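Asks: For reference, the file start.cif (mmCIF, C-alpha atoms; chains and numbers go by the auth columns) is included below:
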```cif
data_start
loop_
_atom_site.group_PDB
_atom_site.id
_atom_site.type_symbol
_atom_site.label_atom_id
_atom_site.label_comp_id
_atom_site.label_asym_id
_atom_site.label_seq_id
_atom_site.Cartn_x
_atom_site.Cartn_y
_atom_site.Cartn_z
_atom_site.B_iso_or_equiv
_atom_site.auth_seq_id
_atom_site.auth_asym_id
ATOM 1 C CA MET A 1 -51.097 92.870 124.225 0.00 222 A
ATOM 2 C CA PRO A 2 -47.750 91.107 123.558 0.00 223 A
ATOM 3 C CA VAL A 3 -45.049 93.096 121.779 0.00 224 A
ATOM 4 C CA TYR A 4 -42.082 91.917 119.718 0.00 225 A
ATOM 5 C CA SER A 5 -39.333 94.355 118.717 0.00 226 A
ATOM 6 C CA SER A 6 -36.194 94.023 116.637 0.00 227 A
ATOM 7 C CA VAL A 7 -33.396 96.592 116.516 0.00 228 A
ATOM 8 C CA PHE A 8 -30.514 96.705 114.059 0.00 229 A
ATOM 9 C CA HIS A 9 -27.245 97.956 115.554 0.00 230 A
ATOM 10 C CA SER A 10 -23.949 98.868 113.947 0.00 231 A
ATOM 11 C CA GLY A 11 -20.421 98.708 115.232 0.00 232 A
ATOM 12 C CA THR A 12 -19.570 98.448 118.855 0.00 233 A
ATOM 13 C CA GLY A 13 -20.139 100.607 121.847 0.00 234 A
ATOM 14 C CA SER A 14 -22.260 100.556 124.893 0.00 235 A
ATOM 15 C CA PRO A 15 -24.932 100.627 123.709 0.00 236 A
ATOM 16 C CA PRO A 16 -24.077 100.133 120.033 0.00 237 A
ATOM 17 C CA PRO A 17 -25.582 102.834 117.800 0.00 238 A
ATOM 18 C CA PRO A 18 -28.703 102.076 115.723 0.00 239 A
ATOM 19 C CA ASN A 19 -28.239 101.085 112.106 0.00 240 A
ATOM 20 C CA PRO A 20 -31.178 102.351 110.031 0.00 241 A
ATOM 21 C CA GLY A 21 -29.432 101.204 106.830 0.00 242 A
ATOM 22 C CA ALA A 22 -29.559 97.588 107.980 0.00 243 A
ATOM 23 C CA LEU A 23 -33.309 97.847 108.490 0.00 244 A
ATOM 24 C CA VAL A 24 -33.636 99.172 104.935 0.00 245 A
ATOM 25 C CA GLN A 25 -31.413 96.394 103.534 0.00 246 A
ATOM 26 C CA VAL A 26 -32.785 93.437 105.504 0.00 247 A
ATOM 27 C CA GLY A 27 -36.341 94.474 106.361 0.00 248 A
ATOM 28 C CA ALA A 28 -38.517 93.260 109.193 0.00 249 A
ATOM 29 C CA VAL A 29 -37.432 89.628 109.531 0.00 250 A
ATOM 30 C CA PHE A 30 -37.665 87.126 112.348 0.00 251 A
ATOM 31 C CA PRO A 31 -37.197 83.380 112.862 0.00 252 A
ATOM 32 C CA ILE A 32 -40.048 81.092 111.899 0.00 253 A
ATOM 33 C CA GLU A 33 -40.803 77.399 111.432 0.00 254 A
ATOM 34 C CA VAL A 34 -43.297 76.065 108.902 0.00 255 A
ATOM 35 C CA HIS A 35 -44.939 72.769 109.886 0.00 256 A
ATOM 36 C CA VAL A 36 -47.712 70.543 108.622 0.00 257 A
ATOM 37 C CA PRO A 37 -51.045 71.910 109.888 0.00 258 A
ATOM 38 C CA THR A 38 -52.182 70.622 113.276 0.00 259 A
ATOM 39 C CA ARG A 39 -55.069 68.715 111.699 0.00 260 A
ATOM 40 C CA ILE A 40 -52.738 66.753 109.406 0.00 261 A
ATOM 41 C CA ALA A 41 -50.248 66.135 112.251 0.00 262 A
ATOM 42 C CA GLU A 42 -53.067 64.753 114.418 0.00 263 A
ATOM 43 C CA LEU A 43 -54.256 62.458 111.608 0.00 264 A
ATOM 44 C CA LYS A 44 -50.739 61.150 111.012 0.00 265 A
ATOM 45 C CA THR A 45 -50.249 60.544 114.741 0.00 266 A
ATOM 46 C CA LYS A 46 -53.603 58.734 114.987 0.00 267 A
ATOM 47 C CA GLU A 47 -52.603 56.523 112.036 0.00 268 A
ATOM 48 C CA GLY A 48 -49.199 55.824 113.594 0.00 269 A
ATOM 49 C CA ALA A 49 -47.406 57.582 110.748 0.00 270 A
ATOM 50 C CA PRO A 50 -44.455 59.879 111.400 0.00 271 A
ATOM 51 C CA VAL A 51 -45.096 63.624 111.400 0.00 272 A
ATOM 52 C CA PRO A 52 -42.526 65.367 109.188 0.00 273 A
ATOM 53 C CA LYS A 53 -40.170 67.803 110.857 0.00 274 A
ATOM 54 C CA GLY A 54 -40.916 71.412 109.911 0.00 275 A
ATOM 55 C CA ALA A 55 -38.642 73.787 108.032 0.00 276 A
ATOM 56 C CA SER A 56 -36.762 76.589 109.798 0.00 277 A
ATOM 57 C CA GLY A 57 -35.831 79.932 108.336 0.00 278 A
ATOM 58 C CA LEU A 58 -36.883 83.549 108.383 0.00 279 A
ATOM 59 C CA ALA A 59 -40.185 85.309 107.770 0.00 280 A
ATOM 60 C CA LEU A 60 -40.274 88.744 106.158 0.00 281 A
ATOM 61 C CA LEU A 61 -43.110 91.160 106.859 0.00 282 A
ATOM 62 C CA ASP A 62 -44.383 92.109 103.402 0.00 283 A
ATOM 63 C CA THR A 63 -46.823 95.017 103.437 0.00 284 A
ATOM 64 C CA GLY A 64 -47.102 94.707 99.661 0.00 285 A
ATOM 65 C CA ALA A 65 -48.454 91.155 99.839 0.00 286 A
ATOM 66 C CA THR A 66 -52.196 90.717 100.220 0.00 287 A
ATOM 67 C CA LEU A 67 -51.792 87.113 101.374 0.00 288 A
ATOM 68 C CA THR A 68 -49.190 85.282 103.429 0.00 289 A
ATOM 69 C CA GLY A 69 -46.865 83.138 101.366 0.00 290 A
ATOM 70 C CA ILE A 70 -44.546 80.246 102.060 0.00 291 A
ATOM 71 C CA ASP A 71 -41.767 78.872 99.896 0.00 292 A
ATOM 72 C CA ARG A 72 -43.515 76.237 97.818 0.00 293 A
ATOM 73 C CA SER A 73 -40.695 73.761 98.404 0.00 294 A
ATOM 74 C CA VAL A 74 -41.660 73.556 102.105 0.00 295 A
ATOM 75 C CA PRO A 75 -45.170 72.056 101.844 0.00 296 A
ATOM 76 C CA GLU A 76 -43.935 69.834 99.017 0.00 297 A
ATOM 77 C CA ALA A 77 -41.134 68.509 101.275 0.00 298 A
ATOM 78 C CA LEU A 78 -43.630 68.036 104.135 0.00 299 A
ATOM 79 C CA GLY A 79 -46.032 66.116 101.890 0.00 300 A
ATOM 80 C CA VAL A 80 -48.832 68.670 102.279 0.00 301 A
ATOM 81 C CA PRO A 81 -51.084 68.726 99.200 0.00 302 A
ATOM 82 C CA PRO A 82 -52.359 72.008 97.761 0.00 303 A
ATOM 83 C CA VAL A 83 -55.897 73.045 98.730 0.00 304 A
ATOM 84 C CA GLY A 84 -56.553 75.524 95.937 0.00 305 A
ATOM 85 C CA GLN A 85 -55.152 78.110 93.583 0.00 306 A
ATOM 86 C CA VAL A 86 -54.967 81.884 93.586 0.00 307 A
ATOM 87 C CA GLU A 87 -53.900 84.402 90.979 0.00 308 A
ATOM 88 C CA THR A 88 -51.338 86.903 92.194 0.00 309 A
ATOM 89 C CA GLY A 89 -50.104 90.123 90.709 0.00 310 A
ATOM 90 C CA THR A 90 -46.451 91.061 91.120 0.00 311 A
ATOM 91 C CA ALA A 91 -43.982 93.395 89.480 0.00 312 A
ATOM 92 C CA ALA A 92 -43.220 90.477 87.151 0.00 313 A
ATOM 93 C CA GLY A 93 -46.890 90.155 86.134 0.00 314 A
ATOM 94 C CA LYS A 94 -49.786 87.876 87.009 0.00 315 A
ATOM 95 C CA ALA A 95 -49.335 84.229 87.871 0.00 316 A
ATOM 96 C CA LYS A 96 -51.325 81.341 89.357 0.00 317 A
ATOM 97 C CA HIS A 97 -50.028 79.759 92.544 0.00 318 A
ATOM 98 C CA SER A 98 -51.155 76.800 94.612 0.00 319 A
ATOM 99 C CA THR A 99 -52.288 77.412 98.188 0.00 320 A
ATOM 100 C CA TYR A 100 -51.382 75.179 101.117 0.00 321 A
ATOM 101 C CA PRO A 101 -52.471 74.793 104.721 0.00 322 A
ATOM 102 C CA ALA A 102 -49.568 75.317 107.113 0.00 323 A
ATOM 103 C CA ARG A 103 -48.790 75.883 110.765 0.00 324 A
ATOM 104 C CA LEU A 104 -46.481 78.875 111.215 0.00 325 A
ATOM 105 C CA VAL A 105 -44.569 78.926 114.500 0.00 326 A
ATOM 106 C CA PHE A 106 -43.001 82.291 115.297 0.00 327 A
ATOM 107 C CA THR A 107 -40.103 80.855 117.308 0.00 328 A
ATOM 108 C CA SER A 108 -38.880 84.147 118.781 0.00 329 A
ATOM 109 C CA ILE A 109 -42.371 85.201 119.868 0.00 330 A
ATOM 110 C CA PRO A 110 -43.714 82.995 122.681 0.00 331 A
ATOM 111 C CA ASN A 111 -47.105 81.411 122.034 0.00 332 A
ATOM 112 C CA LEU A 112 -47.552 82.928 118.569 0.00 333 A
ATOM 113 C CA ILE A 113 -48.665 80.156 116.235 0.00 334 A
ATOM 114 C CA LEU A 114 -50.745 80.714 113.117 0.00 335 A
ATOM 115 C CA GLU A 115 -52.777 78.019 111.411 0.00 336 A
ATOM 116 C CA ALA A 116 -52.841 79.278 107.825 0.00 337 A
ATOM 117 C CA GLN A 117 -55.715 77.743 105.890 0.00 338 A
ATOM 118 C CA ALA A 118 -54.368 78.727 102.474 0.00 339 A
ATOM 119 C CA ALA A 119 -50.850 80.178 102.383 0.00 340 A
ATOM 120 C CA VAL A 120 -49.710 80.964 98.855 0.00 341 A
ATOM 121 C CA GLY A 121 -46.907 78.745 97.595 0.00 342 A
ATOM 122 C CA VAL A 122 -44.303 81.103 96.130 0.00 343 A
ATOM 123 C CA ASP A 123 -40.734 80.749 94.918 0.00 344 A
ATOM 124 C CA LEU A 124 -38.481 82.175 97.623 0.00 345 A
ATOM 125 C CA SER A 125 -35.461 80.083 96.641 0.00 346 A
ATOM 126 C CA GLY A 126 -32.251 82.035 96.789 0.00 347 A
ATOM 127 C CA LEU A 127 -33.571 84.663 99.200 0.00 348 A
ATOM 128 C CA ARG A 128 -31.178 84.672 102.148 0.00 349 A
ATOM 129 C CA VAL A 129 -30.452 87.416 104.643 0.00 350 A
ATOM 130 C CA GLN A 130 -28.051 87.982 107.509 0.00 351 A
ATOM 131 C CA PHE A 131 -30.077 88.033 110.728 0.00 352 A
ATOM 132 C CA GLY A 132 -27.827 88.669 113.696 0.00 353 A
ATOM 133 C CA GLN A 133 -24.123 89.361 113.483 0.00 354 A
ATOM 134 C CA ALA A 134 -23.031 85.881 114.592 0.00 355 A
ATOM 135 C CA GLN A 135 -25.429 84.066 112.256 0.00 356 A
ATOM 136 C CA PRO A 136 -24.707 82.930 108.695 0.00 357 A
ATOM 137 C CA PRO A 137 -27.241 84.090 106.085 0.00 358 A
ATOM 138 C CA GLN A 138 -30.550 82.264 106.509 0.00 359 A
ATOM 139 C CA PRO A 139 -33.275 81.510 103.958 0.00 360 A
ATOM 140 C CA ILE A 140 -36.509 83.453 103.840 0.00 361 A
ATOM 141 C CA ILE A 141 -39.202 80.773 103.834 0.00 362 A
ATOM 142 C CA ALA A 142 -42.295 82.902 104.524 0.00 363 A
ATOM 143 C CA LEU A 143 -43.738 86.285 103.629 0.00 364 A
ATOM 144 C CA ILE A 144 -46.207 87.608 106.182 0.00 365 A
ATOM 145 C CA GLY A 145 -48.879 89.438 104.208 0.00 366 A
ATOM 146 C CA ARG A 146 -51.597 91.920 105.020 0.00 367 A
ATOM 147 C CA ASP A 147 -54.045 89.097 105.823 0.00 368 A
ATOM 148 C CA VAL A 148 -52.015 88.526 109.009 0.00 369 A
ATOM 149 C CA LEU A 149 -50.781 92.101 109.447 0.00 370 A
ATOM 150 C CA SER A 150 -54.406 93.297 109.548 0.00 371 A
ATOM 151 C CA ASN A 151 -54.582 91.749 113.030 0.00 372 A
ATOM 152 C CA TRP A 152 -51.336 93.298 114.272 0.00 373 A
ATOM 153 C CA LEU A 153 -50.035 96.773 115.062 0.00 374 A
ATOM 154 C CA LEU A 154 -46.809 97.384 113.132 0.00 375 A
ATOM 155 C CA VAL A 155 -44.425 100.218 114.005 0.00 376 A
ATOM 156 C CA TRP A 156 -41.544 100.936 111.636 0.00 377 A
ATOM 157 C CA ASN A 157 -39.036 103.273 113.320 0.00 378 A
ATOM 158 C CA GLY A 158 -36.592 103.916 110.483 0.00 379 A
ATOM 159 C CA PRO A 159 -34.350 106.484 112.231 0.00 380 A
ATOM 160 C CA MET A 160 -33.751 104.018 115.088 0.00 381 A
ATOM 161 C CA GLY A 161 -33.284 100.963 112.815 0.00 382 A
ATOM 162 C CA MET A 162 -36.146 99.279 114.683 0.00 383 A
ATOM 163 C CA TRP A 163 -39.539 97.703 114.058 0.00 384 A
ATOM 164 C CA SER A 164 -42.148 96.330 116.437 0.00 385 A
ATOM 165 C CA ILE A 165 -45.374 94.375 116.274 0.00 386 A
ATOM 166 C CA SER A 166 -48.056 93.876 118.846 0.00 387 A
ATOM 167 C CA PHE A 167 -50.875 91.396 118.509 0.00 388 A
#
```
Go through the file and emit its structure as structure tokens.

Replies:
Amino acid sequence: MPVYSSVFHSGTGSPPPPNPGALVQVGAVFPIEVHVPTRIAELKTKEGAPVPKGASGLALLDTGATLTGIDRSVPEALGVPPVGQVETGTAAGKAKHSTYPARLVFTSIPNLILEAQAAVGVDLSGLRVQFGQAQPPQPIIALIGRDVLSNWLLVWNGPMGMWSISF
């Protein structure tokens, strides 16, 4: 069972002390790429058409989200048409959103690729977080919902500023 862990540290030292506040502020985030689904990429390749380059950013584990979401600008930029609609309920109220097929590549987790049949297109514009001290703030382009989390073991170790998943 593969395991991925992320620890937030503060200051310097050997080893640097954990930073539980950073985990609270940033959340469980990790690098991700959103691509056209494999089926569409194969069709484009067969037709001799170029396959659009995917979008890179961060995914946030969202235990409050029933379904996995992707920033709606990503499938639009990739030319992926919606496959349906779903009504969501948020703190801001109910709204209808288009759903899109997408291939999610968890770039920091070897061999973890998810073919989402109907990721919810949501507005994540403006959501940027600092991931890694040497990195500039990066956009959040995906929310990993309970539909995916239901297949994973998630450990949130707040006092150590750490979270882990196994799948």

Asks: Find the residues with any atom within 6 Å of (-31.8, 99.2, 116.9); use only C-alpha atoms and the coordinates as given in the file, and write the answer as a list in words.

Replies: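 The answer, in the requested form, is Val228, Phe229, His230, Pro239, Met381, Gly382 and Met383 of chain A.
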
Asks: Mind pulling up the distance from atom CA of A:Trp377 to atom CA of A:Leu335?

Replies: 22.3 Å

Asks: If you measure from atom CA of A:Gln359 to atom CA of A:Pro296, what distance in Å do you get, rounded to one decimal?

Replies: 18.4 Å

Asks: Using Å and a single decimal, report how far atom CA of A:Gln338 sits from atom CA of A:Ile261.

Replies: 11.9 Å

Asks: On this file, the PyMOL selection byres ((chain A and resi 318) around 6) gives some set of residues; write that set as a short mmCIF file (atom, residue, chain, number, x, y, z; two decimals) with C-alpha atoms, keeping the file's coordinate frame.

Replies:
```
data_model
loop_
_atom_site.label_atom_id
_atom_site.label_comp_id
_atom_site.auth_asym_id
_atom_site.auth_seq_id
_atom_site.Cartn_x
_atom_site.Cartn_y
_atom_site.Cartn_z
CA GLN A 306 -55.15 78.11 93.58
CA VAL A 307 -54.97 81.88 93.59
CA LYS A 317 -51.32 81.34 89.36
CA SER A 319 -51.16 76.80 94.61
#
```

Asks: I'd like the neighbourhood of A:Gln351 as a PDB file with C-alpha atoms, keeping the file's coordinate frame, where a residue qualifies if any of its atoms comes within 10 Å (using all atoms listed in the file), though same-chain residues fewer than 6 positions away should be ignored.

Replies:
```
ATOM      1  CA  ALA A 243     -29.559  97.588 107.980  1.00  0.00           C
ATOM      2  CA  GLN A 246     -31.413  96.394 103.534  1.00  0.00           C
ATOM      3  CA  VAL A 247     -32.785  93.437 105.504  1.00  0.00           C
ATOM      4  CA  VAL A 250     -37.432  89.628 109.531  1.00  0.00           C
ATOM      5  CA  LEU A 279     -36.883  83.549 108.383  1.00  0.00           C
ATOM      6  CA  PRO A 357     -24.707  82.930 108.695  1.00  0.00           C
ATOM      7  CA  PRO A 358     -27.241  84.090 106.085  1.00  0.00           C
ATOM      8  CA  GLN A 359     -30.550  82.264 106.509  1.00  0.00           C
ATOM      9  CA  PRO A 360     -33.275  81.510 103.958  1.00  0.00           C
TER      10      PRO A 360
END
```

Asks: For the PyMOL selection byres ((chain A and resi 343) around 7), applied here, can you spell out every residue it catches as a ChimeraX atom specification?

Replies: /A:290-293,318,341-342,344-345

Asks: List the neighbours of A:Ala298 out to 12 Å using all atoms listed in the file; skip same-chain residues closer than 6 positions along the sequence, and give me the result as a PDB file with C-alpha atoms, in the coordinates of the input.

Replies:
```
ATOM      1  CA  VAL A 255     -43.297  76.065 108.902  1.00  0.00           C
ATOM      2  CA  HIS A 256     -44.939  72.769 109.886  1.00  0.00           C
ATOM      3  CA  VAL A 257     -47.712  70.543 108.622  1.00  0.00           C
ATOM      4  CA  VAL A 272     -45.096  63.624 111.400  1.00  0.00           C
ATOM      5  CA  PRO A 273     -42.526  65.367 109.188  1.00  0.00           C
ATOM      6  CA  LYS A 274     -40.170  67.803 110.857  1.00  0.00           C
ATOM      7  CA  GLY A 275     -40.916  71.412 109.911  1.00  0.00           C
ATOM      8  CA  ALA A 276     -38.642  73.787 108.032  1.00  0.00           C
ATOM      9  CA  ASP A 292     -41.767  78.872  99.896  1.00  0.00           C
TER      10      ASP A 292
END
```

Asks: Using all atoms listed in the file, determine which residues lie at most 9 Å from A:Pro258, disregarding the query and same-chain residues fewer than 6 positions distant; provide the list as a PyMOL selection string.

Replies: chain A and resi 301+322-325+336-338

Asks: Ranking A:Ala262, A:Phe388, A:Gly242, A:Lys315 by minimum distance to A:Asn332 and counting only C-alpha atoms, which one comes first?

Replies: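 Comparing A:Ala262, A:Phe388, A:Gly242, A:Lys315 against A:Asn332, the winner is A:Phe388.
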
Asks: Could you expand the PyMOL selection byres ((chain A and resi 384) around 9) into the explicit residues it covers here, written as a ChimeraX atom specification?

Replies: /A:225-228,244,248-249,375-379,381-383,385-386

Asks: Using only C-alpha atoms, which protein or nucleic acid residues come within 7 Å of A:Val304? Drop anything in the same chain fewer than 6 positions from it, and give the result as an mmCIF file with C-alpha atoms, in the coordinates of the input.

Replies:
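What ended up in out-v9.cif:
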```
data_model
loop_
_atom_site.group_PDB
_atom_site.id
_atom_site.type_symbol
_atom_site.label_atom_id
_atom_site.label_comp_id
_atom_site.auth_asym_id
_atom_site.auth_seq_id
_atom_site.Cartn_x
_atom_site.Cartn_y
_atom_site.Cartn_z
ATOM 1 C CA THR A 320 -52.288 77.412 98.188
ATOM 2 C CA TYR A 321 -51.382 75.179 101.117
ATOM 3 C CA ALA A 339 -54.368 78.727 102.474
#
```

Asks: Using all atoms listed in the file, which residue out of A:Pro237, A:Pro223, A:Gly285, A:Gly347 lies closest to A:Gly366?

Replies: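 Answer, going by the shortest atom-to-atom distance: A:Gly285.
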